[in-house]
file final.txt (compact mmCIF, N, CA and C atoms)
# COMPACT_ATOMS: atom_id res chain seq x y z
N MET A 1 -6.18 16.63 9.29
CA MET A 1 -7.60 16.38 9.16
C MET A 1 -7.85 14.88 9.29
N PHE A 2 -8.89 14.52 10.01
CA PHE A 2 -9.23 13.11 10.20
C PHE A 2 -9.66 12.49 8.88
N GLN A 3 -9.20 11.28 8.65
CA GLN A 3 -9.57 10.53 7.45
C GLN A 3 -10.68 9.54 7.82
N TRP A 4 -11.87 9.75 7.28
CA TRP A 4 -13.02 8.91 7.62
C TRP A 4 -12.79 7.45 7.27
N GLU A 5 -11.97 7.17 6.28
CA GLU A 5 -11.67 5.79 5.89
C GLU A 5 -11.02 5.02 7.04
N ASP A 6 -10.42 5.75 7.98
CA ASP A 6 -9.77 5.07 9.11
C ASP A 6 -10.77 4.27 9.94
N PHE A 7 -12.04 4.68 9.95
CA PHE A 7 -13.06 3.88 10.63
C PHE A 7 -13.18 2.50 10.00
N ILE A 8 -13.10 2.43 8.67
CA ILE A 8 -13.21 1.15 7.98
C ILE A 8 -11.96 0.31 8.26
N THR A 9 -10.80 0.94 8.16
CA THR A 9 -9.55 0.23 8.42
C THR A 9 -9.53 -0.34 9.84
N LEU A 10 -9.91 0.47 10.82
CA LEU A 10 -9.96 0.00 12.20
C LEU A 10 -10.97 -1.13 12.35
N SER A 11 -12.12 -1.01 11.72
CA SER A 11 -13.14 -2.06 11.79
C SER A 11 -12.60 -3.37 11.23
N GLN A 12 -11.88 -3.30 10.12
CA GLN A 12 -11.30 -4.51 9.54
C GLN A 12 -10.31 -5.15 10.51
N LYS A 13 -9.49 -4.34 11.14
CA LYS A 13 -8.50 -4.86 12.09
C LYS A 13 -9.18 -5.47 13.32
N LEU A 14 -10.18 -4.80 13.85
CA LEU A 14 -10.90 -5.33 15.01
C LEU A 14 -11.63 -6.62 14.66
N PHE A 15 -12.19 -6.67 13.46
CA PHE A 15 -12.93 -7.85 13.01
C PHE A 15 -12.03 -9.08 12.98
N SER A 16 -10.76 -8.88 12.68
CA SER A 16 -9.83 -10.00 12.54
C SER A 16 -9.31 -10.52 13.88
N LYS A 17 -9.59 -9.83 14.99
CA LYS A 17 -9.12 -10.26 16.31
C LYS A 17 -9.93 -11.46 16.80
N GLU A 18 -9.31 -12.26 17.62
CA GLU A 18 -9.98 -13.40 18.24
C GLU A 18 -10.83 -12.92 19.41
N GLU A 19 -11.93 -13.61 19.66
CA GLU A 19 -12.82 -13.23 20.77
C GLU A 19 -12.08 -13.24 22.11
N SER A 20 -11.16 -14.17 22.27
CA SER A 20 -10.43 -14.25 23.54
C SER A 20 -9.68 -12.96 23.86
N GLU A 21 -9.25 -12.26 22.83
CA GLU A 21 -8.55 -10.99 23.04
C GLU A 21 -9.49 -9.93 23.61
N TRP A 22 -10.79 -10.05 23.32
CA TRP A 22 -11.76 -9.05 23.77
C TRP A 22 -12.35 -9.39 25.13
N LYS A 23 -12.30 -10.66 25.52
CA LYS A 23 -12.85 -11.05 26.83
C LYS A 23 -12.11 -10.37 27.97
N GLU A 24 -10.83 -10.11 27.78
CA GLU A 24 -10.04 -9.44 28.81
C GLU A 24 -10.60 -8.05 29.11
N VAL A 25 -11.09 -7.39 28.09
CA VAL A 25 -11.57 -6.01 28.24
C VAL A 25 -12.75 -5.95 29.20
N LEU A 26 -13.63 -6.92 29.14
CA LEU A 26 -14.83 -6.92 29.99
C LEU A 26 -14.76 -7.98 31.08
N GLU A 27 -13.56 -8.25 31.56
CA GLU A 27 -13.35 -9.16 32.69
C GLU A 27 -14.02 -10.52 32.48
N GLY A 28 -13.76 -11.13 31.35
CA GLY A 28 -14.22 -12.48 31.09
C GLY A 28 -15.55 -12.58 30.36
N ARG A 29 -16.30 -11.51 30.34
CA ARG A 29 -17.57 -11.55 29.61
C ARG A 29 -17.28 -11.37 28.12
N SER A 30 -18.07 -12.02 27.31
CA SER A 30 -17.90 -11.86 25.87
C SER A 30 -18.45 -10.51 25.44
N CYS A 31 -17.66 -9.80 24.69
CA CYS A 31 -18.15 -8.53 24.15
C CYS A 31 -18.22 -8.63 22.63
N GLU A 32 -18.35 -9.87 22.16
CA GLU A 32 -18.36 -10.12 20.73
C GLU A 32 -19.45 -9.32 20.02
N GLU A 33 -20.67 -9.38 20.53
CA GLU A 33 -21.75 -8.66 19.86
C GLU A 33 -21.55 -7.15 19.95
N ALA A 34 -21.03 -6.67 21.06
CA ALA A 34 -20.75 -5.23 21.18
C ALA A 34 -19.73 -4.81 20.13
N LEU A 35 -18.73 -5.65 19.92
CA LEU A 35 -17.73 -5.37 18.89
C LEU A 35 -18.38 -5.31 17.51
N TYR A 36 -19.23 -6.27 17.21
CA TYR A 36 -19.88 -6.30 15.90
C TYR A 36 -20.79 -5.09 15.71
N ARG A 37 -21.49 -4.70 16.76
CA ARG A 37 -22.34 -3.51 16.68
C ARG A 37 -21.51 -2.26 16.43
N MET A 38 -20.38 -2.16 17.11
CA MET A 38 -19.51 -1.01 16.91
C MET A 38 -18.95 -0.98 15.48
N ILE A 39 -18.57 -2.13 14.97
CA ILE A 39 -18.05 -2.21 13.60
C ILE A 39 -19.10 -1.73 12.61
N VAL A 40 -20.32 -2.22 12.74
CA VAL A 40 -21.40 -1.79 11.83
C VAL A 40 -21.58 -0.28 11.90
N SER A 41 -21.63 0.25 13.10
CA SER A 41 -21.84 1.69 13.28
C SER A 41 -20.71 2.51 12.67
N ARG A 42 -19.47 2.14 12.97
CA ARG A 42 -18.32 2.90 12.46
C ARG A 42 -18.19 2.78 10.95
N CYS A 43 -18.55 1.64 10.39
CA CYS A 43 -18.50 1.49 8.92
C CYS A 43 -19.46 2.48 8.26
N TYR A 44 -20.67 2.55 8.79
CA TYR A 44 -21.63 3.50 8.23
C TYR A 44 -21.11 4.93 8.38
N TYR A 45 -20.71 5.30 9.58
CA TYR A 45 -20.29 6.69 9.80
C TYR A 45 -19.04 7.04 8.99
N GLY A 46 -18.18 6.08 8.77
CA GLY A 46 -17.00 6.34 7.95
C GLY A 46 -17.36 6.83 6.57
N ILE A 47 -18.25 6.12 5.90
CA ILE A 47 -18.62 6.52 4.53
C ILE A 47 -19.59 7.69 4.56
N PHE A 48 -20.52 7.70 5.51
CA PHE A 48 -21.48 8.81 5.55
C PHE A 48 -20.77 10.15 5.74
N LYS A 49 -19.83 10.21 6.68
CA LYS A 49 -19.14 11.48 6.93
C LYS A 49 -18.30 11.91 5.74
N LYS A 50 -17.74 10.97 5.01
CA LYS A 50 -16.99 11.30 3.79
C LYS A 50 -17.94 11.96 2.79
N VAL A 51 -19.10 11.34 2.59
CA VAL A 51 -20.11 11.87 1.67
C VAL A 51 -20.62 13.22 2.17
N GLU A 52 -20.95 13.30 3.44
CA GLU A 52 -21.49 14.53 4.00
C GLU A 52 -20.51 15.70 3.85
N ASP A 53 -19.25 15.47 4.17
CA ASP A 53 -18.26 16.54 4.04
C ASP A 53 -18.23 17.09 2.62
N TYR A 54 -18.24 16.20 1.65
CA TYR A 54 -18.20 16.62 0.25
C TYR A 54 -19.47 17.40 -0.12
N LEU A 55 -20.62 16.85 0.22
CA LEU A 55 -21.88 17.49 -0.15
C LEU A 55 -22.04 18.85 0.53
N MET A 56 -21.62 18.94 1.78
CA MET A 56 -21.73 20.22 2.50
C MET A 56 -20.83 21.28 1.84
N ASN A 57 -19.64 20.89 1.44
CA ASN A 57 -18.72 21.84 0.81
C ASN A 57 -19.14 22.20 -0.61
N ARG A 58 -19.63 21.23 -1.35
CA ARG A 58 -19.96 21.47 -2.75
C ARG A 58 -21.33 22.11 -2.93
N PHE A 59 -22.31 21.68 -2.16
CA PHE A 59 -23.69 22.12 -2.37
C PHE A 59 -24.23 22.98 -1.24
N ASN A 60 -23.45 23.18 -0.19
CA ASN A 60 -23.85 24.05 0.91
C ASN A 60 -25.23 23.70 1.47
N PHE A 61 -25.40 22.44 1.84
CA PHE A 61 -26.67 21.98 2.39
C PHE A 61 -27.00 22.73 3.68
N PRO A 62 -28.23 23.18 3.84
CA PRO A 62 -28.61 23.76 5.13
C PRO A 62 -28.77 22.65 6.16
N GLN A 63 -28.53 22.95 7.41
CA GLN A 63 -28.69 21.97 8.48
C GLN A 63 -30.14 21.99 8.95
N VAL A 64 -31.01 21.36 8.19
CA VAL A 64 -32.43 21.30 8.51
C VAL A 64 -32.84 19.83 8.59
N GLY A 65 -33.53 19.46 9.64
CA GLY A 65 -34.02 18.09 9.76
C GLY A 65 -32.88 17.10 9.91
N SER A 66 -33.14 15.88 9.52
CA SER A 66 -32.15 14.82 9.62
C SER A 66 -31.11 14.98 8.53
N SER A 67 -29.90 15.29 8.92
CA SER A 67 -28.85 15.48 7.92
C SER A 67 -28.57 14.18 7.18
N HIS A 68 -28.71 13.05 7.86
CA HIS A 68 -28.49 11.76 7.20
C HIS A 68 -29.53 11.57 6.10
N GLU A 69 -30.77 11.74 6.47
CA GLU A 69 -31.86 11.54 5.51
C GLU A 69 -31.74 12.50 4.34
N GLN A 70 -31.41 13.73 4.62
CA GLN A 70 -31.30 14.76 3.58
C GLN A 70 -30.24 14.38 2.54
N LYS A 71 -29.09 13.97 3.01
CA LYS A 71 -28.00 13.64 2.08
C LYS A 71 -28.30 12.36 1.30
N ILE A 72 -28.82 11.36 1.97
CA ILE A 72 -29.14 10.11 1.29
C ILE A 72 -30.24 10.34 0.26
N ARG A 73 -31.26 11.10 0.62
CA ARG A 73 -32.34 11.40 -0.32
C ARG A 73 -31.81 12.17 -1.53
N PHE A 74 -30.90 13.10 -1.31
CA PHE A 74 -30.29 13.84 -2.41
C PHE A 74 -29.64 12.87 -3.41
N LEU A 75 -28.90 11.90 -2.89
CA LEU A 75 -28.25 10.92 -3.77
C LEU A 75 -29.27 10.04 -4.48
N GLN A 76 -30.26 9.56 -3.75
CA GLN A 76 -31.26 8.67 -4.34
C GLN A 76 -32.13 9.37 -5.37
N ASN A 77 -32.30 10.67 -5.25
CA ASN A 77 -33.13 11.42 -6.20
C ASN A 77 -32.34 12.05 -7.33
N HIS A 78 -31.05 11.79 -7.38
CA HIS A 78 -30.20 12.35 -8.43
C HIS A 78 -30.63 11.78 -9.78
N ASN A 79 -30.34 12.51 -10.86
CA ASN A 79 -30.77 12.05 -12.18
C ASN A 79 -29.86 10.97 -12.77
N ASN A 80 -28.74 10.67 -12.13
CA ASN A 80 -27.85 9.63 -12.62
C ASN A 80 -28.10 8.32 -11.86
N ARG A 81 -28.26 7.23 -12.58
CA ARG A 81 -28.59 5.95 -11.95
C ARG A 81 -27.48 5.43 -11.03
N ASN A 82 -26.23 5.69 -11.39
CA ASN A 82 -25.13 5.25 -10.53
C ASN A 82 -25.15 5.98 -9.19
N VAL A 83 -25.48 7.25 -9.22
CA VAL A 83 -25.58 8.03 -7.98
C VAL A 83 -26.77 7.52 -7.17
N GLN A 84 -27.88 7.23 -7.84
CA GLN A 84 -29.06 6.69 -7.16
C GLN A 84 -28.73 5.36 -6.47
N GLU A 85 -28.03 4.50 -7.18
CA GLU A 85 -27.65 3.19 -6.63
C GLU A 85 -26.73 3.36 -5.42
N PHE A 86 -25.81 4.30 -5.52
CA PHE A 86 -24.93 4.60 -4.39
C PHE A 86 -25.77 5.02 -3.18
N GLY A 87 -26.75 5.87 -3.41
CA GLY A 87 -27.65 6.31 -2.35
C GLY A 87 -28.42 5.16 -1.73
N ARG A 88 -28.88 4.23 -2.56
CA ARG A 88 -29.61 3.06 -2.04
C ARG A 88 -28.69 2.20 -1.16
N LYS A 89 -27.47 2.00 -1.61
CA LYS A 89 -26.53 1.19 -0.83
C LYS A 89 -26.16 1.88 0.48
N LEU A 90 -26.02 3.19 0.44
CA LEU A 90 -25.73 3.94 1.66
C LEU A 90 -26.91 3.83 2.63
N ARG A 91 -28.13 3.91 2.11
CA ARG A 91 -29.32 3.76 2.96
C ARG A 91 -29.36 2.36 3.58
N SER A 92 -29.01 1.35 2.82
CA SER A 92 -28.99 -0.01 3.34
C SER A 92 -28.01 -0.14 4.51
N LEU A 93 -26.84 0.47 4.36
CA LEU A 93 -25.86 0.45 5.44
C LEU A 93 -26.35 1.26 6.64
N LYS A 94 -27.07 2.34 6.38
CA LYS A 94 -27.64 3.15 7.47
C LYS A 94 -28.67 2.33 8.25
N THR A 95 -29.47 1.55 7.54
CA THR A 95 -30.46 0.69 8.20
C THR A 95 -29.77 -0.30 9.14
N LEU A 96 -28.68 -0.91 8.66
CA LEU A 96 -27.91 -1.82 9.52
C LEU A 96 -27.37 -1.08 10.75
N ARG A 97 -26.86 0.13 10.53
CA ARG A 97 -26.32 0.93 11.62
C ARG A 97 -27.39 1.27 12.65
N THR A 98 -28.57 1.62 12.19
CA THR A 98 -29.67 1.96 13.10
C THR A 98 -30.03 0.76 13.97
N ILE A 99 -30.10 -0.41 13.37
CA ILE A 99 -30.39 -1.62 14.13
C ILE A 99 -29.27 -1.87 15.16
N ALA A 100 -28.03 -1.77 14.70
CA ALA A 100 -26.89 -2.02 15.60
C ALA A 100 -26.86 -1.04 16.77
N ASP A 101 -27.22 0.20 16.52
CA ASP A 101 -27.14 1.23 17.56
C ASP A 101 -28.35 1.27 18.49
N TYR A 102 -29.52 0.84 18.01
CA TYR A 102 -30.74 1.09 18.78
C TYR A 102 -31.60 -0.13 19.11
N ASP A 103 -31.39 -1.26 18.46
CA ASP A 103 -32.28 -2.40 18.64
C ASP A 103 -31.57 -3.55 19.36
N SER A 104 -31.72 -3.60 20.67
CA SER A 104 -31.03 -4.63 21.45
C SER A 104 -31.64 -6.02 21.26
N SER A 105 -32.86 -6.08 20.73
CA SER A 105 -33.49 -7.39 20.51
C SER A 105 -32.99 -8.06 19.23
N GLU A 106 -32.37 -7.29 18.37
CA GLU A 106 -31.85 -7.81 17.10
C GLU A 106 -30.41 -8.28 17.31
N ASN A 107 -30.11 -9.51 16.89
CA ASN A 107 -28.76 -10.04 17.03
C ASN A 107 -27.87 -9.51 15.91
N ILE A 108 -26.77 -8.90 16.29
CA ILE A 108 -25.78 -8.45 15.31
C ILE A 108 -24.61 -9.42 15.43
N ASN A 109 -24.40 -10.22 14.40
CA ASN A 109 -23.39 -11.27 14.47
C ASN A 109 -22.20 -10.98 13.56
N ARG A 110 -21.31 -11.93 13.50
CA ARG A 110 -20.09 -11.80 12.70
C ARG A 110 -20.40 -11.55 11.23
N GLU A 111 -21.38 -12.24 10.70
CA GLU A 111 -21.74 -12.06 9.29
C GLU A 111 -22.26 -10.66 9.01
N THR A 112 -23.03 -10.12 9.93
CA THR A 112 -23.55 -8.76 9.78
C THR A 112 -22.40 -7.76 9.77
N ALA A 113 -21.45 -7.94 10.68
CA ALA A 113 -20.28 -7.04 10.73
C ALA A 113 -19.45 -7.17 9.45
N LYS A 114 -19.26 -8.39 8.99
CA LYS A 114 -18.50 -8.62 7.75
C LYS A 114 -19.20 -7.95 6.57
N ASP A 115 -20.51 -8.06 6.53
CA ASP A 115 -21.31 -7.44 5.47
C ASP A 115 -21.16 -5.92 5.51
N ALA A 116 -21.17 -5.34 6.70
CA ALA A 116 -21.02 -3.88 6.83
C ALA A 116 -19.65 -3.43 6.35
N ILE A 117 -18.61 -4.17 6.71
CA ILE A 117 -17.26 -3.84 6.25
C ILE A 117 -17.19 -3.89 4.73
N GLN A 118 -17.76 -4.93 4.16
CA GLN A 118 -17.73 -5.09 2.70
C GLN A 118 -18.50 -3.96 2.01
N LYS A 119 -19.69 -3.65 2.50
CA LYS A 119 -20.49 -2.58 1.90
C LYS A 119 -19.79 -1.24 2.00
N ALA A 120 -19.25 -0.93 3.17
CA ALA A 120 -18.57 0.36 3.36
C ALA A 120 -17.33 0.45 2.47
N SER A 121 -16.58 -0.63 2.37
CA SER A 121 -15.39 -0.63 1.52
C SER A 121 -15.76 -0.40 0.07
N GLU A 122 -16.81 -1.06 -0.39
CA GLU A 122 -17.28 -0.88 -1.77
C GLU A 122 -17.73 0.56 -2.00
N LEU A 123 -18.44 1.13 -1.04
CA LEU A 123 -18.91 2.51 -1.19
C LEU A 123 -17.73 3.48 -1.22
N PHE A 124 -16.72 3.26 -0.41
CA PHE A 124 -15.54 4.12 -0.45
C PHE A 124 -14.86 4.05 -1.81
N GLN A 125 -14.74 2.85 -2.36
CA GLN A 125 -14.11 2.68 -3.67
C GLN A 125 -14.92 3.38 -4.76
N LYS A 126 -16.21 3.32 -4.64
CA LYS A 126 -17.11 3.89 -5.65
C LYS A 126 -17.22 5.42 -5.54
N TRP A 127 -16.94 5.98 -4.36
CA TRP A 127 -17.19 7.39 -4.10
C TRP A 127 -16.47 8.31 -5.07
N GLU A 128 -15.22 8.06 -5.39
CA GLU A 128 -14.48 8.94 -6.30
C GLU A 128 -15.15 9.01 -7.67
N GLU A 129 -15.70 7.90 -8.10
CA GLU A 129 -16.44 7.87 -9.36
C GLU A 129 -17.74 8.68 -9.24
N ILE A 130 -18.40 8.56 -8.12
CA ILE A 130 -19.67 9.26 -7.90
C ILE A 130 -19.46 10.77 -7.87
N ILE A 131 -18.38 11.22 -7.26
CA ILE A 131 -18.09 12.66 -7.19
C ILE A 131 -18.10 13.28 -8.58
N ASN A 132 -17.56 12.57 -9.55
CA ASN A 132 -17.51 13.10 -10.92
C ASN A 132 -18.87 13.16 -11.59
N LEU A 133 -19.86 12.48 -11.02
CA LEU A 133 -21.21 12.47 -11.60
C LEU A 133 -22.13 13.51 -10.96
N LEU A 134 -21.70 14.08 -9.87
CA LEU A 134 -22.56 15.04 -9.16
C LEU A 134 -22.49 16.43 -9.78
call {"tool": "encode", "arguments": {"input": "final.txt", "output": "structure tokens"}}
result
Amino acid sequence: MFQWEDFITLSQKLFSKEESEWKEVLEGRSCEEALYRMIVSRCYYGIFKKVEDYLMNRFNFPQVGSSHEQKIRFLQNHNNRNVQEFGRKLRSLKTLRTIADYDSSENINRETAKDAIQKASELFQKWEEIINLL
């Protein structure tokens, strides 16, 4: 079975590479921003899919509407404040991912990618605690 955390691990490894290593891939053009956008996206999906798998198995969510919105709203509306905070942080990472995936006018830089890695790593660490509160 695929381990969603591997998206975070791969993002960390890619983040640590020098830009010169990536220029070869696109024949001399810088793909630095593309790399950062991919890191942001994979960081979000890594933690979201971990959460989604658990919620689908435990609560049997119907596939209606936006599955992302449904799961995040479930967490944010939970009666436990720690679960609510987890939901808010997941939504914040989703917002970054949406910008990275869909908004070409927005610059996604090294700091944004670093922030996404940090947020996703923190959410992964917190998830085991959150499971016990659901």
call {"tool": "select_by_dssp", "arguments": {"input": "final.txt", "residues": "chain A", "states": "alpha helix (DSSP H)", "output": "ChimeraX atom specification"}}
result
/A:5-15,19-23,32-59,67-76,81-102,110-131
call {"tool": "closest_residue", "arguments": {"input": "final.txt", "among": "A:Val83, A:Leu14, A:Cys43, A:Leu55", "to": "Leu133 (chain A)", "atoms": "all atoms listed in the file"}}
result
A:Val83
call {"tool": "closest_atom_pairs", "arguments": {"input": "final.txt", "of": "region 59-122 of chain A", "to": "region 33-40 of chain A", "cutoff": "6 Å", "atoms": "only C-alpha atoms", "output": "tab-separated table"}}
result
residue	atom	partner	partner_atom	distance
A:Arg97	CA	A:Val40	CA	5.6
A:Ala100	CA	A:Arg37	CA	4.9
A:Ala113	CA	A:Tyr36	CA	5.2
A:Ala116	CA	A:Val40	CA	5.4
call {"tool": "atom_distance", "arguments": {"input": "final.txt", "atom1": "atom C of Arg110 (chain A)", "atom2": "CA of Thr98 (chain A)"}}
result
16.5 Å
call {"tool": "closest_residue", "arguments": {"input": "final.txt", "among": "A:Ser67, A:Asn60, A:Leu123, A:Thr112", "to": "Lys89 (chain A)", "atoms": "only C-alpha atoms"}}
result
A:Leu123
call {"tool": "atom_distance", "arguments": {"input": "final.txt", "atom1": "CA of Tyr44 (chain A)", "atom2": "atom C of Lys119 (chain A)"}}
result
8.0 Å
call {"tool": "residues_near_point", "arguments": {"input": "final.txt", "point": "(-24.9, 4.7, 6.9)", "cutoff": "10 Å", "atoms": "only C-alpha atoms", "output": "PyMOL selection string"}}
result
chain A and resi 40-49+68-69+72+87+89-98+116+119-120
call {"tool": "closest_residue", "arguments": {"input": "final.txt", "among": "A:Phe7, A:Phe15, A:Phe86, A:Phe2", "to": "Ile130 (chain A)", "atoms": "all atoms listed in the file"}}
result
A:Phe86
call {"tool": "atom_distance", "arguments": {"input": "final.txt", "atom1": "CA of Lys71 (chain A)", "atom2": "CA of Phe59 (chain A)"}}
result
10.5 Å
call {"tool": "closest_residue", "arguments": {"input": "final.txt", "among": "A:Val51, A:Ile117, A:Leu134, A:Glu129", "to": "Ile8 (chain A)", "atoms": "only N, CA and C atoms"}}
result
A:Ile117
call {"tool": "closest_residue", "arguments": {"input": "final.txt", "among": "A:Lys13, A:Ser121, A:Tyr102, A:Gln3", "to": "Lys50 (chain A)", "atoms": "only N, CA and C atoms"}}
result
A:Gln3
